[in-house]
Amino acid sequence: MRSPILPSFSARMPRGISRGSASRSHAGYPAATVTPVAAVDNLGRQLGLTLEIAAGPMVSVVSTDLQGWPAALAPPDSPAHGMLQAGRRFRDVELDLSRQFLRRYLRDRGFAMAEVATAVRAASDTTVVITFSIAPGDLYLITSVSATGSSPDLEPVTRRLTNLELPLPYSETRLEEVAFDLRTTQLYRQVNLSVNPTAPQELELVVAVENARMRSLEASLGTWSDNPWMARIGWNHRNLLGGGKGVDVHAAFATHTWNVGGGLTWFGWLSPRAHAWAPNGSARTRTPTCRGNGAST
């Protein structure tokens with residue numbers, strides 16, 4: 001009788017062999033092969049499996065070439081940026097990372113539509129030649145910014161937080177920083193950035209956002225060594241006064257102490273990325289031996 005575990009095992013075996021071959025390829029042995037050898041024990045209904053690995057020769061990079069690189073832009077320093085270069089072991093993972101780096105390098109310097117393709121040619125049994133084919137496209141400038149999706153009072157805040165000095169050469173990394181800055185304000189539930197051509201080699205940055213839920217309430221109850229019980233509650237609204245200006249209030253009560261306070265918060269006052277907070281509060285402490293009162297602003 002055929003064991004019911006064998007079909008399931010045999011279905012998984014090719015995937016395991018494929019992963020083993022890929023692992024050797026990633027390590028610089030693209031000609032590696034993995035051959036399974038099975039030994040069946042019918043009496044004990046057991047299967048022994050041996051994977052015979054033929055690593056083949058290690059392959060190294062003999063040269064790299066950038067074809068189509070724009071003449072107006074100096075190519076990156078390969079060793080400084082960890083790119084695959086002549087003399088190093090060939091790894092397909094590093095090849096893909098190098099392709100992604102070159103694409104980002106171009107897109108951070110105005111080439112908004114740049115694409116990079118790779119080709120690997122065997123120079124011998126142990127060496128390969130790598131060619132990066134560059135399609136840089138045109139240089140683009142961001143010349144305008146539009147904000148959509150937010151409430152009318154937050155639209156100027158969105159523009160201010162974008163913080164771009166126009167016209168600006170297109171930069172993928174800079175736009176990622178803008179999106180990060182907008183998300184960290186917690187004023188927006190969604191942030192999406194895109195660009196639209198408005199003229200030859202000119203782009204409009206479209207900042208599409210959606211207001212977040214502005215109110216939050218926090219409450220906690222606990223105990224400390226010097227206060228047998230302590231309760232705290234806090235409430236804030238990040239846009240209660242409009243234009244990114246909010247209010248925060250909190251109170252804490254314990255066996256021997258209490259404090260209440262609050263403050264105003266707003267974004268982009270001192271600088272486009274600044275989050276300002278003006279607090280005000282009062283506290284009182286009472287112990288068997290002393291009493292104290294205090295206030296802070």
# chains A, B, ... in the order shown; residues from 1 in each chain; ligands from 1
>>> select_by_dssp(residues="range 58-250 of chain A", states="strand (DSSP E or B)", output="JSON, numbers by chain")
{"A": [60, 61, 62, 63, 64, 65, 66, 67, 89, 115, 116, 117, 118, 119, 120, 121, 122, 127, 128, 129, 130, 131, 132, 133, 134, 135, 141, 142, 143, 144, 145, 146, 147, 148, 168, 169, 188, 189, 190, 191, 192, 193, 194, 195, 196, 197, 198, 199, 202, 203, 204, 205, 206, 207, 208, 209, 210, 211, 215, 216, 217, 218, 219, 220, 221, 222, 230, 231, 232, 233, 234, 235, 236, 237, 238, 239, 240, 241, 242, 245, 246, 247, 248, 249, 250]}
>>> residues_around(residues="Asn163 in chain A", least_positions_apart="5", cutoff="12 Å", atoms="only C-alpha atoms", output="VMD selection string")
chain A and resid 144 to 145 156 to 158 168 174 to 175 177 to 179 181 to 182 268 271 to 274
>>> select_by_dssp(residues="range 43-148 of chain A", states="alpha helix (DSSP H)", output="ChimeraX atom specification")
/A:78-81,92-107
>>> atom_distance(atom1="CA of Met113 in chain A", atom2="CA of Leu97 in chain A")
18.6 Å
>>> residues_around(residues="Glu202 in chain A", least_positions_apart="6", cutoff="12 Å", atoms="only C-alpha atoms", output="NGL selection string")
:A and (110-112 or 138-145 or 166-170 or 195-196)
>>> write_last_selection(atoms="N, CA, C and O atoms", output="mmCIF file, in the first residue's frame")
data_model
loop_
_atom_site.group_PDB
_atom_site.id
_atom_site.type_symbol
_atom_site.label_atom_id
_atom_site.label_comp_id
_atom_site.auth_asym_id
_atom_site.auth_seq_id
_atom_site.Cartn_x
_atom_site.Cartn_y
_atom_site.Cartn_z
ATOM 1 N N GLY A 110 16.846 64.455 -11.014
ATOM 2 C CA GLY A 110 16.034 65.100 -12.035
ATOM 3 C C GLY A 110 15.512 64.198 -13.133
ATOM 4 O O GLY A 110 14.611 64.599 -13.872
ATOM 5 N N PHE A 111 16.046 62.986 -13.261
ATOM 6 C CA PHE A 111 15.608 62.089 -14.334
ATOM 7 C C PHE A 111 14.415 61.265 -13.830
ATOM 8 O O PHE A 111 14.535 60.103 -13.426
ATOM 9 N N ALA A 112 13.246 61.895 -13.863
ATOM 10 C CA ALA A 112 12.063 61.335 -13.211
ATOM 11 C C ALA A 112 11.573 60.040 -13.850
ATOM 12 O O ALA A 112 10.895 59.241 -13.191
ATOM 13 N N ASP A 138 14.233 62.497 -19.957
ATOM 14 C CA ASP A 138 14.545 63.921 -19.839
ATOM 15 C C ASP A 138 14.737 64.336 -18.385
ATOM 16 O O ASP A 138 14.272 63.670 -17.459
ATOM 17 N N LEU A 139 15.407 65.471 -18.219
ATOM 18 C CA LEU A 139 15.495 66.110 -16.905
ATOM 19 C C LEU A 139 14.196 66.849 -16.634
ATOM 20 O O LEU A 139 13.677 67.557 -17.497
ATOM 21 N N TYR A 140 13.681 66.713 -15.407
ATOM 22 C CA TYR A 140 12.416 67.352 -15.049
ATOM 23 C C TYR A 140 12.584 68.238 -13.830
ATOM 24 O O TYR A 140 13.360 67.941 -12.914
ATOM 25 N N LEU A 141 11.818 69.325 -13.843
ATOM 26 C CA LEU A 141 11.729 70.221 -12.693
ATOM 27 C C LEU A 141 10.318 70.188 -12.134
ATOM 28 O O LEU A 141 9.339 70.153 -12.882
ATOM 29 N N ILE A 142 10.210 70.182 -10.800
ATOM 30 C CA ILE A 142 8.911 70.377 -10.145
ATOM 31 C C ILE A 142 8.695 71.882 -10.051
ATOM 32 O O ILE A 142 9.446 72.590 -9.376
ATOM 33 N N THR A 143 7.687 72.379 -10.736
ATOM 34 C CA THR A 143 7.471 73.824 -10.802
ATOM 35 C C THR A 143 6.243 74.289 -10.028
ATOM 36 O O THR A 143 6.062 75.489 -9.831
ATOM 37 N N SER A 144 5.380 73.357 -9.598
ATOM 38 C CA SER A 144 4.185 73.762 -8.853
ATOM 39 C C SER A 144 3.741 72.628 -7.949
ATOM 40 O O SER A 144 4.089 71.462 -8.165
ATOM 41 N N VAL A 145 2.964 72.985 -6.925
ATOM 42 C CA VAL A 145 2.448 72.020 -5.959
ATOM 43 C C VAL A 145 0.957 72.275 -5.779
ATOM 44 O O VAL A 145 0.530 73.430 -5.621
ATOM 45 N N LEU A 166 10.665 75.913 -4.975
ATOM 46 C CA LEU A 166 10.435 75.716 -6.411
ATOM 47 C C LEU A 166 11.109 76.819 -7.220
ATOM 48 O O LEU A 166 11.243 77.947 -6.758
ATOM 49 N N PRO A 167 11.533 76.475 -8.457
ATOM 50 C CA PRO A 167 11.519 75.138 -9.077
ATOM 51 C C PRO A 167 12.603 74.240 -8.479
ATOM 52 O O PRO A 167 13.665 74.710 -8.081
ATOM 53 N N LEU A 168 12.296 72.938 -8.428
ATOM 54 C CA LEU A 168 13.181 71.964 -7.802
ATOM 55 C C LEU A 168 13.385 70.792 -8.746
ATOM 56 O O LEU A 168 12.418 70.246 -9.270
ATOM 57 N N PRO A 169 14.641 70.380 -8.987
ATOM 58 C CA PRO A 169 14.836 69.159 -9.784
ATOM 59 C C PRO A 169 14.143 67.975 -9.132
ATOM 60 O O PRO A 169 14.191 67.811 -7.910
ATOM 61 N N TYR A 170 13.480 67.174 -9.923
ATOM 62 C CA TYR A 170 12.756 66.020 -9.389
ATOM 63 C C TYR A 170 13.692 65.147 -8.574
ATOM 64 O O TYR A 170 14.820 64.854 -8.974
ATOM 65 N N VAL A 195 3.026 62.960 -9.568
ATOM 66 C CA VAL A 195 3.432 64.095 -10.401
ATOM 67 C C VAL A 195 2.686 64.038 -11.729
ATOM 68 O O VAL A 195 2.421 62.961 -12.270
ATOM 69 N N ASN A 196 2.327 65.220 -12.231
ATOM 70 C CA ASN A 196 1.673 65.357 -13.527
ATOM 71 C C ASN A 196 2.486 66.291 -14.409
ATOM 72 O O ASN A 196 2.871 67.383 -13.965
#
>>> closest_residue(among="A:Ser220, A:Thr127, A:Ser225, A:Thr148", to="Pro30 in chain A", atoms="only C-alpha atoms")
A:Thr127
